[in-house]
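Q: Structure file protein01.txt (compact mmCIF, C-alpha atoms) is given on the next line.
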```
# COMPACT_ATOMS: atom_id res chain seq x y z
CA MET Q 142 -29.67 30.66 26.32
CA PRO Q 143 -27.47 31.10 29.39
CA GLY Q 144 -24.15 29.34 29.22
CA SER Q 145 -24.23 28.57 25.53
CA GLU Q 146 -21.44 31.08 24.97
CA ALA Q 147 -19.08 28.83 26.95
CA VAL Q 148 -15.74 28.32 25.27
CA LYS Q 149 -15.21 24.94 23.65
CA SER Q 150 -11.94 23.36 24.54
CA ASN Q 151 -9.90 21.42 22.03
CA LYS Q 152 -8.92 18.96 24.67
CA PRO Q 153 -10.93 17.42 27.44
CA GLU Q 154 -10.04 18.85 30.79
CA PHE Q 155 -9.65 17.24 34.12
CA TRP Q 156 -10.20 19.29 37.19
CA ASP Q 157 -9.78 18.72 40.79
CA ILE Q 158 -12.33 20.71 42.72
CA ASP Q 159 -10.05 23.56 43.75
CA GLN Q 160 -8.28 24.08 40.45
CA ASP Q 161 -8.83 26.29 37.42
CA VAL Q 162 -12.05 28.13 37.10
CA ASP Q 163 -13.41 28.58 33.62
CA ASP Q 164 -16.69 28.62 31.76
CA ASN Q 165 -17.02 24.87 31.44
CA LYS Q 166 -16.36 24.36 35.11
CA SER Q 167 -18.94 26.90 36.21
CA PHE Q 168 -21.36 25.33 33.74
CA ILE Q 169 -20.81 21.94 35.35
CA LEU Q 170 -20.99 23.19 38.92
CA LYS Q 171 -24.02 25.40 38.37
CA PRO Q 172 -25.82 24.06 35.32
CA PRO Q 173 -28.41 26.40 33.82
CA GLU Q 174 -31.93 25.17 33.27
CA PRO Q 175 -31.70 22.42 30.62
CA GLU Q 176 -34.17 21.75 27.83
CA LEU Q 177 -34.53 18.19 29.02
CA VAL Q 178 -33.43 16.17 32.06
CA MET Q 179 -33.17 12.41 32.18
CA ASP Q 180 -32.26 10.47 35.29
CA TYR Q 181 -31.56 6.82 36.02
CA GLU Q 182 -30.75 4.64 38.99
CA VAL Q 183 -27.63 2.51 38.56
CA GLU Q 184 -27.36 -0.68 40.59
CA ALA Q 185 -24.06 -1.87 41.97
CA ARG Q 186 -22.70 -5.08 40.32
CA ASN Q 187 -25.74 -5.48 38.06
CA TYR Q 188 -23.92 -6.12 34.79
CA ALA Q 189 -27.04 -7.42 33.05
CA LYS Q 190 -28.71 -4.05 33.45
CA ALA Q 191 -25.56 -2.01 32.84
CA GLY Q 192 -25.81 0.10 29.72
CA LYS Q 193 -29.55 0.70 29.89
CA ALA Q 194 -29.19 4.35 30.86
CA SER Q 195 -26.46 4.97 28.26
CA THR Q 196 -28.50 3.32 25.51
CA ASP Q 197 -31.52 5.39 26.41
CA ILE Q 198 -29.54 8.63 26.50
CA LYS Q 199 -27.95 7.76 23.14
CA LEU Q 200 -31.36 7.09 21.58
CA THR Q 201 -32.72 10.38 22.89
CA LEU Q 202 -29.75 12.33 21.50
CA LYS Q 203 -30.13 10.49 18.22
CA LYS Q 204 -33.78 11.47 18.00
CA LEU Q 205 -32.74 15.07 18.58
CA GLY Q 206 -30.59 14.84 15.47
CA VAL Q 207 -27.14 14.89 17.11
CA ASP Q 208 -24.28 14.23 14.66
CA PRO Q 209 -23.35 10.49 14.55
CA VAL Q 210 -19.69 11.12 15.45
CA ILE Q 211 -20.71 13.14 18.51
CA LEU Q 212 -23.36 10.58 19.33
CA ARG Q 213 -20.78 7.80 19.44
CA LYS Q 214 -18.51 9.86 21.71
CA ALA Q 215 -21.39 10.55 24.07
CA ALA Q 216 -22.47 6.90 24.10
CA ILE Q 217 -18.96 5.62 24.88
CA ALA Q 218 -18.27 8.18 27.61
CA CYS Q 219 -21.66 7.59 29.19
CA TYR Q 220 -21.33 3.80 29.12
CA GLU Q 221 -17.85 3.85 30.64
CA ALA Q 222 -19.15 6.10 33.40
CA GLU Q 223 -22.16 3.86 33.96
CA ILE Q 224 -19.91 0.79 34.15
CA ASN Q 225 -17.73 2.58 36.71
CA VAL Q 226 -20.74 3.02 38.97
CA VAL Q 227 -21.76 -0.64 38.47
CA ALA Q 228 -18.25 -1.99 39.05
CA HIS Q 229 -16.93 0.24 41.82
CA SER Q 230 -19.68 1.95 43.77
CA LYS Q 231 -22.49 1.08 46.14
CA GLY Q 232 -24.87 2.27 43.45
CA GLY Q 233 -25.75 5.70 42.20
CA LYS Q 234 -27.55 7.88 39.72
CA ILE Q 235 -26.96 9.20 36.22
CA PHE Q 236 -28.39 12.50 35.08
CA ALA Q 237 -28.34 13.78 31.53
CA TYR Q 238 -29.00 17.49 31.11
CA ILE Q 239 -29.66 18.21 27.49
CA TYR Q 240 -29.23 21.72 26.04
CA ASP Q 241 -29.51 22.97 22.50
CA ASP Q 242 -25.73 22.91 22.02
CA ARG Q 243 -24.47 20.27 24.42
CA VAL Q 244 -25.21 17.48 26.85
CA LEU Q 245 -24.01 17.51 30.44
CA ILE Q 246 -23.84 14.06 31.97
CA LYS Q 247 -23.49 13.79 35.71
CA LEU Q 248 -22.99 10.69 37.84
CA VAL Q 249 -23.36 10.70 41.58
CA ASP Q 250 -22.69 7.53 43.49
CA ASP Q 251 -23.12 6.46 47.11
CA GLY Q 252 -19.43 5.83 47.73
CA PRO Q 253 -16.99 4.41 48.73
CA GLY Q 254 -14.96 7.10 46.94
CA ILE Q 255 -11.68 7.13 45.02
CA LYS Q 256 -8.48 7.12 47.01
CA ASN Q 257 -6.33 8.83 44.41
CA ILE Q 258 -7.96 10.48 41.38
CA ASP Q 259 -4.68 11.11 39.57
CA GLN Q 260 -3.91 7.41 39.76
CA ALA Q 261 -7.44 6.48 38.60
CA MET Q 262 -6.97 8.69 35.55
CA LEU Q 263 -3.86 6.77 34.45
CA PRO Q 264 -4.53 4.31 31.61
CA GLY Q 265 -3.99 0.80 32.93
CA PHE Q 266 -4.54 1.55 36.59
CA SER Q 267 -7.50 -0.37 37.98
CA THR Q 268 -8.93 -1.48 41.31
CA ALA Q 269 -11.62 -3.58 39.61
CA ASP Q 270 -12.66 -6.82 41.30
CA GLU Q 271 -12.67 -10.31 39.82
CA LEU Q 272 -16.28 -10.03 38.66
CA ALA Q 273 -15.63 -6.83 36.70
CA ARG Q 274 -12.62 -8.47 35.05
CA GLU Q 275 -14.65 -11.56 34.15
CA MET Q 276 -17.13 -9.26 32.46
CA GLY Q 277 -14.35 -7.85 30.29
CA PHE Q 278 -13.82 -4.63 32.22
CA GLY Q 279 -11.17 -3.60 34.71
CA ALA Q 280 -8.53 -2.69 32.13
CA GLY Q 281 -8.04 0.70 33.76
CA LEU Q 282 -9.35 2.49 30.69
CA GLY Q 283 -12.70 3.77 31.96
CA LEU Q 284 -11.83 7.29 33.06
CA PRO Q 285 -9.21 7.77 30.30
CA ASN Q 286 -11.84 6.77 27.71
CA ILE Q 287 -14.31 9.24 29.18
CA LYS Q 288 -11.69 11.97 29.09
CA LYS Q 289 -10.86 11.14 25.48
CA ASN Q 290 -14.47 11.34 24.35
CA CYS Q 291 -15.69 14.46 26.11
CA ASP Q 292 -14.99 18.18 25.81
CA ALA Q 293 -14.77 18.95 29.51
CA MET Q 294 -14.70 16.75 32.54
CA TYR Q 295 -14.95 17.24 36.25
CA ILE Q 296 -14.42 14.69 38.98
CA THR Q 297 -14.36 14.95 42.71
CA SER Q 298 -14.02 12.19 45.25
CA SER Q 299 -12.17 11.03 48.30
CA LEU Q 300 -12.04 7.77 50.15
CA GLY Q 301 -15.02 7.46 52.46
CA SER Q 302 -17.17 9.93 50.54
CA ASN Q 303 -19.04 9.65 47.28
CA THR Q 304 -17.78 10.34 43.77
CA ILE Q 305 -19.22 12.95 41.46
CA LEU Q 306 -18.25 12.80 37.81
CA ALA Q 307 -19.61 15.22 35.26
CA PHE Q 308 -18.71 15.85 31.66
CA ILE Q 309 -19.83 18.00 28.76
CA ILE Q 310 -20.05 17.00 25.14
CA PHE Q 311 -20.77 19.73 22.61
CA PHE Q 312 -22.95 18.88 19.67
CA THR Q 313 -20.67 20.77 17.29
CA PRO Q 314 -17.13 19.38 17.26
CA PRO Q 315 -14.52 21.96 18.35
CA GLU Q 316 -12.22 23.37 15.65
CA SER Q 317 -9.15 21.23 15.37
CA MET B 220 -10.70 -2.35 0.24
CA ALA B 221 -13.93 -4.03 1.16
CA VAL B 222 -15.49 -7.44 1.39
CA TYR B 223 -19.07 -8.40 2.07
CA LEU B 224 -20.23 -10.21 5.16
CA ASN B 225 -21.29 -13.31 3.24
CA GLN B 226 -17.75 -13.69 1.78
CA PHE B 227 -16.23 -13.27 5.22
CA ILE B 228 -18.58 -15.82 6.86
CA GLU B 229 -17.71 -18.32 4.14
CA ALA B 230 -13.96 -17.77 4.62
CA ILE B 231 -14.09 -18.41 8.38
CA ASP B 232 -16.70 -21.16 8.11
CA GLY B 233 -18.86 -19.03 10.39
CA LYS B 234 -22.35 -19.61 11.62
CA LEU B 235 -24.74 -16.71 11.61
CA LEU B 236 -26.44 -16.47 15.03
CA THR B 237 -28.71 -13.56 14.25
CA SER B 238 -30.84 -13.11 11.19
CA ASP B 239 -32.74 -10.47 9.33
CA ILE B 240 -29.89 -8.92 7.42
CA LYS B 241 -28.82 -9.00 3.82
CA LEU B 242 -25.36 -10.51 4.19
CA ASP B 243 -24.30 -9.70 0.66
CA GLN B 244 -24.95 -6.02 1.28
CA VAL B 245 -23.06 -5.49 4.54
CA LYS B 246 -19.64 -4.14 3.66
CA ILE B 247 -16.60 -4.82 5.85
CA THR B 248 -13.53 -2.65 5.51
CA ASP B 249 -11.60 -3.42 8.71
CA GLY B 250 -11.52 -5.44 11.89
CA TYR B 251 -10.53 -5.23 15.54
CA VAL B 252 -9.47 -8.03 17.88
CA SER B 253 -9.80 -7.59 21.64
CA ASP B 254 -11.35 -9.18 24.70
CA LEU B 255 -11.25 -6.07 26.86
CA LEU B 256 -14.43 -4.09 26.50
CA SER B 257 -12.92 -0.73 27.44
CA ASP B 258 -10.15 -1.29 24.92
CA VAL B 259 -12.76 -1.90 22.24
CA MET B 260 -14.59 1.27 23.19
CA GLY B 261 -11.39 3.25 23.28
CA SER B 262 -9.74 1.97 20.14
CA ALA B 263 -12.11 0.11 17.81
CA LYS B 264 -13.37 2.22 14.94
CA GLU B 265 -16.88 2.56 13.77
CA ASP B 266 -18.00 -0.10 11.26
CA GLN B 267 -15.20 -2.54 12.10
CA VAL B 268 -15.87 -6.23 12.63
CA TRP B 269 -15.03 -7.13 16.21
CA ILE B 270 -13.42 -10.52 16.85
CA THR B 271 -13.56 -11.70 20.47
CA ILE B 272 -14.21 -14.48 22.95
CA MET B 273 -16.25 -12.24 25.29
CA LYS B 274 -19.78 -13.54 24.94
CA HIS B 275 -21.47 -11.66 27.77
CA LEU B 276 -24.44 -9.35 27.26
CA ASN B 277 -22.12 -6.38 27.74
CA SER B 278 -20.38 -7.21 24.44
CA VAL B 279 -23.61 -6.46 22.60
CA ALA B 280 -24.02 -3.22 24.55
CA VAL B 281 -20.48 -2.17 23.64
CA ALA B 282 -21.00 -3.00 19.96
CA SER B 283 -24.27 -1.15 19.85
CA LEU B 284 -23.00 1.94 21.68
CA ALA B 285 -19.77 2.11 19.67
CA ASN B 286 -21.48 1.50 16.31
CA ILE B 287 -19.82 -1.85 15.67
CA PRO B 288 -22.15 -3.72 13.31
CA CYS B 289 -20.82 -7.27 13.74
CA ILE B 290 -19.26 -9.41 16.47
CA VAL B 291 -17.45 -12.64 15.60
CA PHE B 292 -17.05 -15.11 18.45
CA ALA B 293 -13.91 -17.16 18.03
CA LYS B 294 -13.14 -20.75 19.13
CA GLY B 295 -16.71 -21.91 18.57
CA ILE B 296 -18.00 -19.76 21.40
CA LYS B 297 -21.74 -19.20 21.35
CA PRO B 298 -23.48 -16.71 23.61
CA ASP B 299 -26.65 -17.44 25.57
CA PRO B 300 -30.04 -17.00 23.85
CA ASN B 301 -30.73 -13.75 25.76
CA VAL B 302 -27.53 -12.27 24.32
CA ILE B 303 -28.58 -13.24 20.80
CA GLU B 304 -32.03 -11.80 21.43
CA LYS B 305 -30.49 -8.53 22.59
CA ALA B 306 -28.24 -8.42 19.53
CA ILE B 307 -31.22 -8.81 17.21
CA GLU B 308 -32.97 -6.02 19.07
CA GLU B 309 -29.91 -3.78 18.79
CA GLN B 310 -29.30 -4.77 15.16
CA VAL B 311 -25.86 -6.19 15.87
CA THR B 312 -24.93 -9.21 13.75
CA LEU B 313 -23.44 -12.15 15.66
CA ILE B 314 -21.29 -14.82 14.05
CA SER B 315 -19.62 -17.82 15.61
CA SER B 316 -16.56 -19.50 14.12
CA ASP B 317 -14.60 -22.51 15.33
CA LEU B 318 -11.32 -20.81 14.39
CA PRO B 319 -9.25 -18.93 16.98
CA SER B 320 -9.15 -15.11 16.87
CA PHE B 321 -5.74 -15.05 15.19
CA GLN B 322 -6.93 -17.12 12.24
CA ILE B 323 -10.21 -15.25 11.85
CA ALA B 324 -8.33 -11.95 11.77
CA GLY B 325 -5.82 -13.44 9.32
CA LYS B 326 -8.54 -14.62 6.96
CA LEU B 327 -10.23 -11.22 7.05
CA TYR B 328 -6.89 -9.52 6.40
CA MET B 329 -6.26 -11.75 3.39
CA LEU B 330 -9.74 -11.12 2.01
CA LEU B 331 -9.33 -7.36 2.38
CA GLN B 332 -5.89 -7.44 0.74
CA LYS B 333 -7.22 -9.48 -2.18
CA SER B 334 -10.16 -7.14 -2.63
CA GLY B 335 -7.59 -4.48 -3.47
```
Please express what this file holds, its structure, as structure tokens.
A:
Amino acid sequence: MPGSEAVKSNKPEFWDIDQDVDDNKSFILKPPEPELVMDYEVEARNYAKAGKASTDIKLTLKKLGVDPVILRKAAIACYEAEINVVAHSKGGKIFAYIYDDRVLIKLVDDGPGIKNIDQAMLPGFSTADELAREMGFGAGLGLPNIKKNCDAMYITSSLGSNTILAFIIFFTPPES
Amino acid sequence: MAVYLNQFIEAIDGKLLTSDIKLDQVKITDGYVSDLLSDVMGSAKEDQVWITIMKHLNSVAVASLANIPCIVFAKGIKPDPNVIEKAIEEQVTLISSDLPSFQIAGKLYMLLQKSG
């Protein structure tokens, strides 16, 4: 199928929109027709509902027979991303595009945007509010955890606009 | 190095909040102590017992998504019934102990050491 020849990276990658072009990036920016699409609304500040989308996506991947180690990586990355939308945005959507060799997870929120992406990627840096911290989040580990658990990652945002985060997880672990 | 959940519960004088599992068949080989959910997701390993004071619904979600089979609430903390319900649904075992996290972790460490 188109795109399945994309090179697997040994390390997750972080791109700003204008930087390096490679197979994973073009896959993320112009995803081919997936086998299955799932989409979910994510409500801002609704911590009771947070995790529903991630749990559902995990269960679907599990049913498809995805390796447990990969499954855990996908679940953690997806949940962190979902929590980011709950904690920081005005609400948004999660899409999971499932292919025979990978899942592409994309989150699009309604703003308010990230002022400095490089800073947001630093472990320990957080702009989380009191509520997020009370809930046990806001340690500044969300984006770093996503990066750690995926094979390729793309994020674009600026203050005053929305944030788009997308990442790929291959079902076969890359050669180490 | 492994102990069974029933031995561990006895050592920390814990109360089982969920049911439906065979305690003498659930093996524990390690533990993780943290109250930051992202830290747990980033650093806890699969099949570790998680010792915490975070009793919100999100703790169950984290345990379930990160394949953590058992949460121990320290300092006698007990979550709300809806959290317990969710844990049963997600097959996460919840235990409450009056001991602080440090002592619970210490007791587990001793048990694991003794088990050779």
Q: Considering all atoms listed in the file, extract the chain B residues located within 7 Å of chain Q and return them as a ChimeraX atom specification.
A: /B:254-258,260-261,273,275-276,280,284-285
Q: Would you compute the distance between atom CA of Q:Lys247 and atom CA of Q:Met179? Give it in Å to one decimal.
A: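 Computing the Euclidean distance for atom CA of Q:Lys247 and atom CA of Q:Met179 yields 10.4 Å.
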Q: Just the residues within 8 Å of B:Asn225, please, counting only C-alpha atoms, with nothing from its chain fewer than 4 positions along; format it as an MDAnalysis selection string.
A: chainID B and resid 229 242:243
Q: I want to know what sits within 7 Å of B:Tyr251, based on only C-alpha atoms, with residues of the same chain fewer than 6 positions away left out; could you give that as a VMD selection string?
A: chain B and resid 263 267 to 270
Q: For the residues in that selection, give me C-alpha atoms as a PDB file, in the coordinates of the input.
A:
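What landed in part.pdb:
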```pdb
ATOM      1  CA  ALA B 263     -12.110   0.110  17.810  1.00  0.00           C
ATOM      2  CA  GLN B 267     -15.200  -2.540  12.100  1.00  0.00           C
ATOM      3  CA  VAL B 268     -15.870  -6.230  12.630  1.00  0.00           C
ATOM      4  CA  TRP B 269     -15.030  -7.130  16.210  1.00  0.00           C
ATOM      5  CA  ILE B 270     -13.420 -10.520  16.850  1.00  0.00           C
TER       6      ILE B 270
END
```
Q: If you measure from atom CA of B:Ala306 to atom CA of Q:Thr201, what distance in Å do you get, rounded to one decimal?
A: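 Pair atom CA of B:Ala306 / atom CA of Q:Thr201 returns 19.6 Å.
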Q: Measure the distance from atom CA of Q:Asp292 to atom CA of Q:Ala261 in Å and round it to one decimal.
A: 18.9 Å
Q: So that I can see what lies close to B:Asp299, please list as a list in words the residues with an atom at most 8 Å from it, counting all atoms listed in the file and leaving out residues fewer than 3 positions away in the same chain.
A: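 The neighbour list is Lys274, Val302 and Ile303 of chain B.
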Q: Mind giving me the axis-aligned box for stretch 327-332 of chain B with 5 Å on every side, centre plus edges in Å to one decimal, as lines of an AutoDock Vina configuration file?
A:
```
center_x = -8.1
center_y = -9.6
center_z = 3.9
size_x = 14.3
size_y = 14.4
size_z = 16.3
```
Q: Could you name the residues that touch B:Thr248 at 12 Å or less, counting only C-alpha atoms, but leaving out those on the same chain fewer than 2 positions away, as a list in words?
A: Met220, Ala221, Val222, Tyr223, Leu224, Phe227, Val245, Lys246, Gly250, Tyr251, Lys264, Glu265, Asp266, Gln267, Val268, Trp269, Ile287, Pro288, Cys289, Leu327, Tyr328, Met329, Leu330, Leu331, Gln332, Ser334 and Gly335 of chain B
Q: For B:Glu304, which residue out of B:Ser278, B:Val252, B:Phe321, B:Leu236 is the nearest one, using only C-alpha atoms?
A: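 The shortest atom-to-atom distance to B:Glu304 comes from B:Leu236.
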Q: Using all atoms listed in the file, pick whichever of B:Pro298, B:Gly233, B:Gly325, B:Pro319 has the shortest atom-to-atom distance to B:Asn277.
A: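 Once distances to B:Asn277 are computed over all atoms listed in the file, the minimum belongs to B:Pro298.
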Q: Generate the missing atoms of stretch 257-270 of chain Q up to N, CA and C atoms and report them as an mmCIF file, in the coordinates of the input.
A:
```cif
data_model
loop_
_atom_site.group_PDB
_atom_site.id
_atom_site.type_symbol
_atom_site.label_atom_id
_atom_site.label_comp_id
_atom_site.auth_asym_id
_atom_site.auth_seq_id
_atom_site.Cartn_x
_atom_site.Cartn_y
_atom_site.Cartn_z
ATOM 1 N N ASN Q 257 -7.272 7.948 45.099
ATOM 2 C CA ASN Q 257 -6.330 8.830 44.410
ATOM 3 C C ASN Q 257 -6.801 9.049 42.966
ATOM 4 N N ILE Q 258 -7.362 10.208 42.700
ATOM 5 C CA ILE Q 258 -7.960 10.480 41.380
ATOM 6 C C ILE Q 258 -6.898 10.483 40.283
ATOM 7 N N ASP Q 259 -5.744 11.070 40.582
ATOM 8 C CA ASP Q 259 -4.680 11.110 39.570
ATOM 9 C C ASP Q 259 -4.313 9.704 39.099
ATOM 10 N N GLN Q 260 -4.243 8.801 40.062
ATOM 11 C CA GLN Q 260 -3.910 7.410 39.760
ATOM 12 C C GLN Q 260 -5.041 6.765 38.920
ATOM 13 N N ALA Q 261 -6.288 7.045 39.312
ATOM 14 C CA ALA Q 261 -7.440 6.480 38.600
ATOM 15 C C ALA Q 261 -7.516 6.966 37.160
ATOM 16 N N MET Q 262 -6.944 8.141 36.905
ATOM 17 C CA MET Q 262 -6.970 8.690 35.550
ATOM 18 C C MET Q 262 -5.897 8.078 34.649
ATOM 19 N N LEU Q 263 -4.953 7.361 35.239
ATOM 20 C CA LEU Q 263 -3.860 6.770 34.450
ATOM 21 C C LEU Q 263 -4.357 5.535 33.693
ATOM 22 N N PRO Q 264 -4.143 5.506 32.364
ATOM 23 C CA PRO Q 264 -4.530 4.310 31.610
ATOM 24 C C PRO Q 264 -3.828 3.078 32.177
ATOM 25 N N GLY Q 265 -4.581 2.031 32.439
ATOM 26 C CA GLY Q 265 -3.990 0.800 32.930
ATOM 27 C C GLY Q 265 -4.096 0.623 34.429
ATOM 28 N N PHE Q 266 -4.392 1.706 35.148
ATOM 29 C CA PHE Q 266 -4.540 1.550 36.590
ATOM 30 C C PHE Q 266 -5.973 1.151 36.897
ATOM 31 N N SER Q 267 -6.148 0.072 37.654
ATOM 32 C CA SER Q 267 -7.500 -0.370 37.980
ATOM 33 C C SER Q 267 -7.569 -0.998 39.350
ATOM 34 N N THR Q 268 -8.684 -0.795 40.037
ATOM 35 C CA THR Q 268 -8.930 -1.480 41.310
ATOM 36 C C THR Q 268 -10.099 -2.446 41.150
ATOM 37 N N ALA Q 269 -10.441 -2.757 39.883
ATOM 38 C CA ALA Q 269 -11.620 -3.580 39.610
ATOM 39 C C ALA Q 269 -11.512 -4.969 40.243
ATOM 40 N N ASP Q 270 -12.647 -5.489 40.683
ATOM 41 C CA ASP Q 270 -12.660 -6.820 41.300
ATOM 42 C C ASP Q 270 -12.724 -7.918 40.222
#
```
